[in-house]
Amino acid sequence: MTGNLSVLGSTGSIGTQTLEVAEACNIKISALAARSNVELMERQARRFVPKIAVLSEKSAAADLKIRLKDTGIRVLSCEEGVLEAASIPEADTVVTALVGVAGLKPTIAAVDAGKRIALANKETLVCAGKLVMARALQKGSEIVPVDSEHSAIFQCLQASRDWREVKRLILTASGGPFFGLSRDKLKSVTPAQALKHPNWNMGAKVTIDSATLMNKGLECMEAMALYCLPSERISVVIHRESIIHSLVEYCDGALLAQLGMPDMRLPIQYALTWPSRIPGPAKTLDLLSIPPLTFAQPDYDAFPCLSLALAAAARGGTAPAVLNGANEAAVASFLAGKLDFYGIPALVEKALAIIPVVNDPTLDDILSADLEARRIIL
C-alpha cells in the first residue's frame, strides 16, 4: 500500500480527488505539480505540506514562491520541476494526472525511478504504450490504472490465474451528453452543451472526448498496452447508467464486472492501496435504488472519432500519437469556439492522412509525430 505520494496534476479533477483520498487514508504527500493554478496550489501546499510544489508556467511559479516563502516548501517550475516531482525519492507512488501528452515524460521519469504509477493520464499509453510498459518491466515499476474502466478490468482480472483464460475485455461507455442524437442535430451542438456530462465530473478536455467518444477509442488503445491484447479482443458497449465500469469475459463464458457509483475516488483509492482494500471516502452503491441497467451498441456514424481511434490502434506505430496530438489541438479549438463539433474528427482524419507513420518508434519519433499533428491542426 502507498505510504507517500507525489501528485502530478494536483489541481485538476483527478488530482483534487486524489488528495481527498490520501487525506482519508493517511497517506503523506511529498510533491504536488500542476500547470498554473496558483491559488489552489497554495491552498493544497499549505494543507498537505509537501517538500516541493511545482507550477510548470514560470510566472505562476514565481507568484507561488512569494506566497509560500514562509513555509519552507521548495517551489519549482517548467518541465524540470515536474520531472523532479515525478522522481522525488520520498514518494513510493506517483499519480500521473496531467492532461494530454504532457504527462508522457513525467510518467517515464517516475518509471525510471521505480515508482508505482497510479496512471490517470491515458495519453501516455496511447502514444507510447509499448515503450512505457517495456520500461516499467525493466525498472520494476508497477503501473496500476486509475481510469474507472481500466480499474474495473484490473479488479476483475484478479480472479484470473492465467491470462490465456481471458477471451475479451468489454469497456463500458456512458455515451456522453449526446447519446441518441443524429448527425444533423450534432452539427450545431455547443461546447457548453458538450461539457454537461450526465454522470461524471471531469476536466474539460476529457469531457469533450467523452462527448465525441474519442475517450473510448483512447481507452481501447490504453487497454491494448496495459493488458497485451489485440484490438479485436476489446469491445465497447454503451451503458448509460455508469454503474458497471467494465467487464472481463473468460473463455468458459463467464463475465466478471465491477460495479460502483460513478465516483472516481474508488478507482483512485484502489490504485493507491492495491493489493489491499481499506475503508475510504467513495460513495457506496445501493442496488435497490439504482435504475435498470441498459446496454447499446455505439453509433459509429454519428461519432466517427471512435472509428478513427480504432483504426489508428490497428495501424500502430506513431499513428496513435498523431491521432492524440491532433485531437488535443482540435478539442482546444472547439472549446475556444473556433471549430464545430464535427470539425474535431475532420481535423484528426486530416492529420492521420497527411503524416507518415513510423513503425517501432522511439520516444523522439512519438513526440515529433505529436508536434507535427498539432502543427497541422493549428
# chains A, B, ... in the order shown; residues from 1 in each chain; ligands from 1
>>> residues_around(residues="Arg315 (chain A)", least_positions_apart="3", cutoff="12 Å", atoms="only C-alpha atoms", output="list in words")
Met221, Pro230, Ser231, Leu308, Ala309, Leu310, Ala311, Ala312, Thr318, Ala319, Pro320, Ala321, Val322, Leu323, Leu352, Pro356, Val357, Val358, Asn359 and Asp360 of chain A
>>> write_last_selection(atoms="N, CA, C and O atoms", output="mmCIF file, in the first residue's frame")
data_model
loop_
_atom_site.group_PDB
_atom_site.id
_atom_site.type_symbol
_atom_site.label_atom_id
_atom_site.label_comp_id
_atom_site.auth_asym_id
_atom_site.auth_seq_id
_atom_site.Cartn_x
_atom_site.Cartn_y
_atom_site.Cartn_z
ATOM 1 N N MET A 221 -7.007 1.750 -26.841
ATOM 2 C CA MET A 221 -5.561 1.702 -27.043
ATOM 3 C C MET A 221 -4.826 1.500 -25.729
ATOM 4 O O MET A 221 -3.830 0.764 -25.653
ATOM 5 N N PRO A 230 -4.809 -7.760 -28.451
ATOM 6 C CA PRO A 230 -5.051 -7.062 -29.722
ATOM 7 C C PRO A 230 -6.405 -6.368 -29.707
ATOM 8 O O PRO A 230 -7.292 -6.702 -28.911
ATOM 9 N N SER A 231 -6.579 -5.430 -30.618
ATOM 10 C CA SER A 231 -7.803 -4.616 -30.634
ATOM 11 C C SER A 231 -9.057 -5.443 -30.842
ATOM 12 O O SER A 231 -10.129 -5.098 -30.331
ATOM 13 N N LEU A 308 -12.056 6.385 -35.872
ATOM 14 C CA LEU A 308 -10.707 6.890 -36.163
ATOM 15 C C LEU A 308 -9.697 6.354 -35.164
ATOM 16 O O LEU A 308 -8.572 5.965 -35.532
ATOM 17 N N ALA A 309 -10.077 6.317 -33.900
ATOM 18 C CA ALA A 309 -9.177 5.822 -32.862
ATOM 19 C C ALA A 309 -8.903 4.335 -33.040
ATOM 20 O O ALA A 309 -7.752 3.885 -32.909
ATOM 21 N N LEU A 310 -9.920 3.570 -33.332
ATOM 22 C CA LEU A 310 -9.733 2.129 -33.514
ATOM 23 C C LEU A 310 -8.864 1.841 -34.733
ATOM 24 O O LEU A 310 -8.038 0.917 -34.717
ATOM 25 N N ALA A 311 -9.017 2.642 -35.783
ATOM 26 C CA ALA A 311 -8.184 2.472 -36.974
ATOM 27 C C ALA A 311 -6.724 2.810 -36.666
ATOM 28 O O ALA A 311 -5.804 2.116 -37.116
ATOM 29 N N ALA A 312 -6.504 3.866 -35.900
ATOM 30 C CA ALA A 312 -5.135 4.230 -35.510
ATOM 31 C C ALA A 312 -4.525 3.150 -34.623
ATOM 32 O O ALA A 312 -3.335 2.841 -34.734
ATOM 33 N N THR A 318 3.403 5.263 -34.913
ATOM 34 C CA THR A 318 3.128 6.618 -34.419
ATOM 35 C C THR A 318 1.708 7.094 -34.729
ATOM 36 O O THR A 318 1.349 8.218 -34.391
ATOM 37 N N ALA A 319 0.886 6.241 -35.361
ATOM 38 C CA ALA A 319 -0.489 6.653 -35.689
ATOM 39 C C ALA A 319 -1.273 7.079 -34.440
ATOM 40 O O ALA A 319 -1.966 8.106 -34.475
ATOM 41 N N PRO A 320 -1.206 6.335 -33.332
ATOM 42 C CA PRO A 320 -1.918 6.800 -32.138
ATOM 43 C C PRO A 320 -1.435 8.153 -31.622
ATOM 44 O O PRO A 320 -2.236 8.953 -31.135
ATOM 45 N N ALA A 321 -0.132 8.427 -31.742
ATOM 46 C CA ALA A 321 0.391 9.725 -31.302
ATOM 47 C C ALA A 321 -0.129 10.844 -32.192
ATOM 48 O O ALA A 321 -0.442 11.945 -31.713
ATOM 49 N N VAL A 322 -0.216 10.591 -33.492
ATOM 50 C CA VAL A 322 -0.771 11.579 -34.419
ATOM 51 C C VAL A 322 -2.229 11.846 -34.067
ATOM 52 O O VAL A 322 -2.671 13.003 -33.969
ATOM 53 N N LEU A 323 -2.988 10.773 -33.894
ATOM 54 C CA LEU A 323 -4.399 10.910 -33.539
ATOM 55 C C LEU A 323 -4.562 11.707 -32.253
ATOM 56 O O LEU A 323 -5.382 12.630 -32.170
ATOM 57 N N LEU A 352 -4.124 12.268 -39.748
ATOM 58 C CA LEU A 352 -3.786 10.863 -39.967
ATOM 59 C C LEU A 352 -3.486 10.586 -41.436
ATOM 60 O O LEU A 352 -2.645 9.739 -41.766
ATOM 61 N N PRO A 356 3.160 10.735 -42.200
ATOM 62 C CA PRO A 356 3.625 9.351 -42.354
ATOM 63 C C PRO A 356 3.761 8.661 -40.987
ATOM 64 O O PRO A 356 4.139 9.288 -39.995
ATOM 65 N N VAL A 357 3.473 7.381 -40.969
ATOM 66 C CA VAL A 357 3.566 6.600 -39.733
ATOM 67 C C VAL A 357 4.941 5.957 -39.629
ATOM 68 O O VAL A 357 5.449 5.375 -40.594
ATOM 69 N N VAL A 358 5.548 6.077 -38.455
ATOM 70 C CA VAL A 358 6.822 5.422 -38.162
ATOM 71 C C VAL A 358 6.528 4.167 -37.354
ATOM 72 O O VAL A 358 5.894 4.228 -36.298
ATOM 73 N N ASN A 359 6.993 3.025 -37.853
ATOM 74 C CA ASN A 359 6.811 1.777 -37.124
ATOM 75 C C ASN A 359 7.915 1.611 -36.077
ATOM 76 O O ASN A 359 9.030 2.107 -36.262
ATOM 77 N N ASP A 360 7.608 0.930 -34.976
ATOM 78 C CA ASP A 360 8.569 0.737 -33.875
ATOM 79 C C ASP A 360 9.244 2.055 -33.495
ATOM 80 O O ASP A 360 10.482 2.184 -33.531
#
>>> select_by_dssp(residues="region 143-372 of chain A", states="alpha helix (DSSP H)", output="JSON, numbers by chain")
{"A": [148, 149, 150, 151, 152, 153, 154, 155, 156, 183, 184, 185, 186, 191, 192, 193, 194, 204, 205, 206, 207, 208, 209, 210, 211, 212, 214, 215, 216, 217, 218, 219, 220, 221, 222, 223, 224, 225, 226, 227, 265, 266, 267, 268, 269, 270, 271, 272, 273, 304, 305, 306, 307, 308, 309, 310, 311, 312, 313, 314, 315, 319, 320, 321, 322, 323, 324, 325, 326, 327, 328, 329, 330, 331, 332, 333, 334, 335, 343, 344, 345, 346, 347, 348, 349, 350, 351, 352, 353, 354, 363, 364, 365, 366, 367, 368, 369, 370, 371, 372]}
>>> write_last_selection(atoms="C-alpha atoms", output="mmCIF file, in the first residue's frame")
data_model
loop_
_atom_site.group_PDB
_atom_site.id
_atom_site.type_symbol
_atom_site.label_atom_id
_atom_site.label_comp_id
_atom_site.auth_asym_id
_atom_site.auth_seq_id
_atom_site.Cartn_x
_atom_site.Cartn_y
_atom_site.Cartn_z
ATOM 1 C CA SER A 148 -12.641 3.784 -13.915
ATOM 2 C CA GLU A 149 -12.881 1.387 -16.871
ATOM 3 C CA HIS A 150 -9.338 0.092 -16.575
ATOM 4 C CA SER A 151 -9.540 -0.096 -12.809
ATOM 5 C CA ALA A 152 -12.661 -2.237 -13.256
ATOM 6 C CA ILE A 153 -10.830 -4.553 -15.655
ATOM 7 C CA PHE A 154 -7.790 -4.667 -13.374
ATOM 8 C CA GLN A 155 -10.007 -5.681 -10.455
ATOM 9 C CA CYS A 156 -11.842 -8.333 -12.489
ATOM 10 C CA ARG A 183 -25.533 13.716 -37.203
ATOM 11 C CA ASP A 184 -27.820 16.590 -38.238
ATOM 12 C CA LYS A 185 -28.505 17.546 -34.626
ATOM 13 C CA LEU A 186 -24.874 17.098 -33.583
ATOM 14 C CA PRO A 191 -19.060 23.487 -26.115
ATOM 15 C CA ALA A 192 -21.339 24.354 -23.198
ATOM 16 C CA GLN A 193 -23.669 21.514 -24.147
ATOM 17 C CA ALA A 194 -20.770 19.108 -24.670
ATOM 18 C CA ALA A 204 -12.967 19.923 -19.812
ATOM 19 C CA LYS A 205 -10.763 18.007 -22.242
ATOM 20 C CA VAL A 206 -11.808 14.518 -21.145
ATOM 21 C CA THR A 207 -15.465 15.618 -21.008
ATOM 22 C CA ILE A 208 -15.319 16.670 -24.666
ATOM 23 C CA ASP A 209 -13.578 13.395 -25.513
ATOM 24 C CA SER A 210 -16.469 11.615 -23.812
ATOM 25 C CA ALA A 211 -18.951 13.601 -25.909
ATOM 26 C CA THR A 212 -17.196 12.620 -29.167
ATOM 27 C CA MET A 214 -12.804 9.664 -28.665
ATOM 28 C CA ASN A 215 -12.255 8.899 -24.999
ATOM 29 C CA LYS A 216 -13.429 5.319 -25.526
ATOM 30 C CA GLY A 217 -11.138 4.884 -28.504
ATOM 31 C CA LEU A 218 -8.200 6.122 -26.440
ATOM 32 C CA GLU A 219 -9.183 3.696 -23.690
ATOM 33 C CA CYS A 220 -9.160 0.813 -26.181
ATOM 34 C CA MET A 221 -5.561 1.702 -27.043
ATOM 35 C CA GLU A 222 -4.709 2.001 -23.364
ATOM 36 C CA ALA A 223 -6.193 -1.461 -22.756
ATOM 37 C CA MET A 224 -4.097 -2.934 -25.572
ATOM 38 C CA ALA A 225 -0.940 -1.707 -23.835
ATOM 39 C CA LEU A 226 -1.948 -2.495 -20.251
ATOM 40 C CA TYR A 227 -3.221 -5.997 -20.907
ATOM 41 C CA ARG A 265 -12.399 8.258 -5.605
ATOM 42 C CA LEU A 266 -12.906 4.481 -5.657
ATOM 43 C CA PRO A 267 -10.538 3.668 -8.565
ATOM 44 C CA ILE A 268 -8.085 6.269 -7.276
ATOM 45 C CA GLN A 269 -8.037 4.615 -3.860
ATOM 46 C CA TYR A 270 -7.673 1.115 -5.308
ATOM 47 C CA ALA A 271 -4.618 2.235 -7.321
ATOM 48 C CA LEU A 272 -3.064 3.554 -4.105
ATOM 49 C CA THR A 273 -3.930 0.656 -1.796
ATOM 50 C CA PRO A 304 -16.648 8.983 -36.045
ATOM 51 C CA CYS A 305 -13.887 9.709 -33.519
ATOM 52 C CA LEU A 306 -14.309 6.202 -32.136
ATOM 53 C CA SER A 307 -13.728 4.639 -35.559
ATOM 54 C CA LEU A 308 -10.707 6.890 -36.163
ATOM 55 C CA ALA A 309 -9.177 5.822 -32.862
ATOM 56 C CA LEU A 310 -9.733 2.129 -33.514
ATOM 57 C CA ALA A 311 -8.184 2.472 -36.974
ATOM 58 C CA ALA A 312 -5.135 4.230 -35.510
ATOM 59 C CA ALA A 313 -4.846 1.483 -32.898
ATOM 60 C CA ALA A 314 -4.862 -1.169 -35.610
ATOM 61 C CA ARG A 315 -2.259 0.767 -37.643
ATOM 62 C CA ALA A 319 -0.489 6.653 -35.689
ATOM 63 C CA PRO A 320 -1.918 6.800 -32.138
ATOM 64 C CA ALA A 321 0.391 9.725 -31.302
ATOM 65 C CA VAL A 322 -0.771 11.579 -34.419
ATOM 66 C CA LEU A 323 -4.399 10.910 -33.539
ATOM 67 C CA ASN A 324 -3.907 12.046 -29.955
ATOM 68 C CA GLY A 325 -1.989 15.218 -30.796
ATOM 69 C CA ALA A 326 -4.492 16.219 -33.460
ATOM 70 C CA ASN A 327 -7.390 15.520 -31.135
ATOM 71 C CA GLU A 328 -5.917 17.593 -28.294
ATOM 72 C CA ALA A 329 -5.439 20.561 -30.618
ATOM 73 C CA ALA A 330 -8.877 20.164 -32.207
ATOM 74 C CA VAL A 331 -10.623 19.887 -28.836
ATOM 75 C CA ALA A 332 -8.887 23.074 -27.682
ATOM 76 C CA SER A 333 -10.173 24.855 -30.801
ATOM 77 C CA PHE A 334 -13.693 23.527 -30.215
ATOM 78 C CA LEU A 335 -13.645 24.725 -26.606
ATOM 79 C CA GLY A 343 -14.540 19.742 -37.028
ATOM 80 C CA ILE A 344 -12.825 17.591 -34.404
ATOM 81 C CA PRO A 345 -12.952 14.274 -36.310
ATOM 82 C CA ALA A 346 -12.389 16.078 -39.623
ATOM 83 C CA LEU A 347 -9.081 17.545 -38.448
ATOM 84 C CA VAL A 348 -7.996 14.313 -36.788
ATOM 85 C CA GLU A 349 -8.678 12.429 -40.023
ATOM 86 C CA LYS A 350 -6.717 15.053 -41.966
ATOM 87 C CA ALA A 351 -3.677 14.664 -39.715
ATOM 88 C CA LEU A 352 -3.786 10.863 -39.967
ATOM 89 C CA ALA A 353 -3.951 11.093 -43.763
ATOM 90 C CA ILE A 354 -1.034 13.527 -44.106
ATOM 91 C CA LEU A 363 10.336 8.404 -27.850
ATOM 92 C CA ASP A 364 11.636 11.170 -30.139
ATOM 93 C CA ASP A 365 9.600 9.755 -33.042
ATOM 94 C CA ILE A 366 6.474 9.784 -30.873
ATOM 95 C CA LEU A 367 6.988 13.349 -29.656
ATOM 96 C CA SER A 368 7.760 14.516 -33.208
ATOM 97 C CA ALA A 369 4.543 12.920 -34.505
ATOM 98 C CA ASP A 370 2.582 14.658 -31.772
ATOM 99 C CA LEU A 371 4.103 18.044 -32.602
ATOM 100 C CA GLU A 372 3.550 17.605 -36.333
#
>>> residues_around(residues="region 278-285 of chain A", least_positions_apart="5", cutoff="7 Å", atoms="only C-alpha atoms", output="PDB file with C-alpha atoms, in the first residue's frame")
ATOM      1  CA  VAL A  21      -8.433  10.033  -0.759  1.00  0.00           C
ATOM      2  CA  ALA A  24      -8.814   9.919   4.320  1.00  0.00           C
ATOM      3  CA  CYS A  25      -6.274   7.076   4.081  1.00  0.00           C
ATOM      4  CA  GLY A 260     -19.940   1.039  -8.231  1.00  0.00           C
ATOM      5  CA  MET A 261     -21.187   4.593  -8.143  1.00  0.00           C
ATOM      6  CA  ASP A 263     -17.213   8.228  -8.174  1.00  0.00           C
ATOM      7  CA  ARG A 265     -12.399   8.258  -5.605  1.00  0.00           C
ATOM      8  CA  LEU A 266     -12.906   4.481  -5.657  1.00  0.00           C
TER       9      LEU A 266
END
>>> select_by_dssp(residues="region 32-267 of chain A", states="strand (DSSP E or B)", output="PyMOL selection string")
chain A and resi 32-34+52-55+74-77+93-96+116-119+143-145+166-173+234-238+244-250+255-259
>>> closest_residue(among="A:Ser289, A:Gln158, A:Thr190, A:Gln297", to="Leu256 (chain A)", atoms="only C-alpha atoms")
A:Gln158
>>> residues_around(residues="Ser87 (chain A)", least_positions_apart="2", cutoff="7 Å", atoms="only C-alpha atoms", output="compact mmCIF listing (two decimals) with C-alpha atoms, in the first residue's frame")
# COMPACT_ATOMS: atom_id res chain seq x y z
CA LEU A 83 10.27 15.71 -13.63
CA GLU A 84 11.75 16.24 -10.16
CA ALA A 85 8.29 15.84 -8.63
CA PRO A 89 12.89 9.87 -3.54
CA ALA A 109 10.71 9.66 -15.18
CA ALA A 110 8.61 8.03 -12.45
CA ALA A 113 12.76 5.89 -10.56
>>> atom_distance(atom1="CA of Ala86 (chain A)", atom2="CA of Ala33 (chain A)")
8.8 Å
>>> decode(residues="region 44-137 of chain A", atoms="C-alpha atoms", output="short mmCIF file (atom, residue, chain, number, x, y, z; two decimals), in the first residue's frame")
data_model
loop_
_atom_site.label_atom_id
_atom_site.label_comp_id
_atom_site.auth_asym_id
_atom_site.auth_seq_id
_atom_site.Cartn_x
_atom_site.Cartn_y
_atom_site.Cartn_z
CA GLN A 44 -3.01 22.49 -1.30
CA ALA A 45 0.59 23.18 -0.33
CA ARG A 46 -0.37 24.74 2.98
CA ARG A 47 -2.74 21.88 3.77
CA PHE A 48 -0.53 18.94 2.80
CA VAL A 49 2.94 20.50 3.29
CA PRO A 50 4.84 18.70 0.51
CA LYS A 51 8.59 19.03 0.12
CA ILE A 52 8.15 20.56 -3.33
CA ALA A 53 5.33 22.35 -5.18
CA VAL A 54 5.61 22.77 -8.94
CA LEU A 55 3.79 25.01 -11.39
CA SER A 56 5.05 24.46 -14.92
CA GLU A 57 4.29 28.03 -16.02
CA LYS A 58 7.16 30.27 -14.90
CA SER A 59 5.12 33.31 -13.98
CA ALA A 60 2.71 31.24 -11.92
CA ALA A 61 5.59 29.54 -10.13
CA ALA A 62 7.17 32.92 -9.34
CA ASP A 63 3.90 34.07 -7.78
CA LEU A 64 3.59 30.82 -5.81
CA LYS A 65 7.14 31.17 -4.50
CA ILE A 66 6.29 34.53 -2.99
CA ARG A 67 3.08 33.19 -1.45
CA LEU A 68 4.83 30.21 0.13
CA LYS A 69 8.00 31.94 1.30
CA ASP A 70 7.01 31.43 4.94
CA THR A 71 6.58 27.64 4.61
CA GLY A 72 9.94 26.13 3.68
CA ILE A 73 8.33 24.39 0.69
CA ARG A 74 10.55 24.40 -2.41
CA VAL A 75 8.77 25.92 -5.39
CA LEU A 76 9.88 24.74 -8.83
CA SER A 77 8.79 25.44 -12.41
CA CYS A 78 8.97 24.23 -16.00
CA GLU A 79 9.35 20.66 -17.19
CA GLU A 80 12.41 20.15 -14.98
CA GLY A 81 10.36 20.82 -11.88
CA VAL A 82 7.65 18.38 -12.94
CA LEU A 83 10.27 15.71 -13.63
CA GLU A 84 11.75 16.24 -10.16
CA ALA A 85 8.29 15.84 -8.63
CA ALA A 86 7.85 12.62 -10.62
CA SER A 87 11.04 11.10 -9.27
CA ILE A 88 11.23 12.54 -5.74
CA PRO A 89 12.89 9.87 -3.54
CA GLU A 90 10.40 10.12 -0.67
CA ALA A 91 7.37 9.09 -2.75
CA ASP A 92 6.70 5.42 -3.38
CA THR A 93 3.73 6.15 -5.68
CA VAL A 94 3.23 8.82 -8.35
CA VAL A 95 -0.25 9.76 -9.52
CA THR A 96 0.12 10.90 -13.13
CA ALA A 97 -2.95 13.04 -13.78
CA LEU A 98 -1.51 15.69 -16.08
CA VAL A 99 -3.70 16.34 -19.12
CA GLY A 100 -2.63 15.04 -22.51
CA VAL A 101 0.78 14.12 -23.86
CA ALA A 102 2.35 16.47 -21.28
CA GLY A 103 2.15 13.51 -18.92
CA LEU A 104 4.40 11.26 -21.01
CA LYS A 105 7.89 12.39 -19.95
CA PRO A 106 6.99 12.70 -16.23
CA THR A 107 5.49 9.19 -16.29
CA ILE A 108 8.67 7.82 -17.83
CA ALA A 109 10.71 9.66 -15.18
CA ALA A 110 8.61 8.03 -12.45
CA VAL A 111 9.01 4.63 -14.10
CA ASP A 112 12.78 5.11 -14.29
CA ALA A 113 12.76 5.89 -10.56
CA GLY A 114 11.00 2.57 -9.88
CA LYS A 115 7.78 4.13 -8.56
CA ARG A 116 4.32 2.64 -8.54
CA ILE A 117 2.43 4.59 -11.20
CA ALA A 118 -1.22 5.34 -10.46
CA LEU A 119 -1.95 6.10 -14.09
CA ALA A 120 -4.69 8.62 -14.82
CA ASN A 121 -3.02 10.01 -17.95
CA LYS A 122 -4.24 7.65 -20.68
CA GLU A 123 -2.32 9.51 -23.39
CA THR A 124 0.94 8.07 -22.03
CA LEU A 125 -0.06 4.56 -23.09
CA VAL A 126 -1.97 5.72 -26.17
CA CYS A 127 1.15 7.35 -27.61
CA ALA A 128 3.91 5.18 -26.17
CA GLY A 129 2.31 2.07 -24.70
CA LYS A 130 4.88 -0.50 -25.80
CA LEU A 131 7.80 1.70 -24.84
CA VAL A 132 6.42 2.60 -21.40
CA MET A 133 5.29 -0.91 -20.49
CA ALA A 134 8.64 -2.41 -21.52
CA ARG A 135 10.46 0.21 -19.49
CA ALA A 136 8.26 -0.44 -16.47
CA LEU A 137 9.08 -4.15 -16.65
#
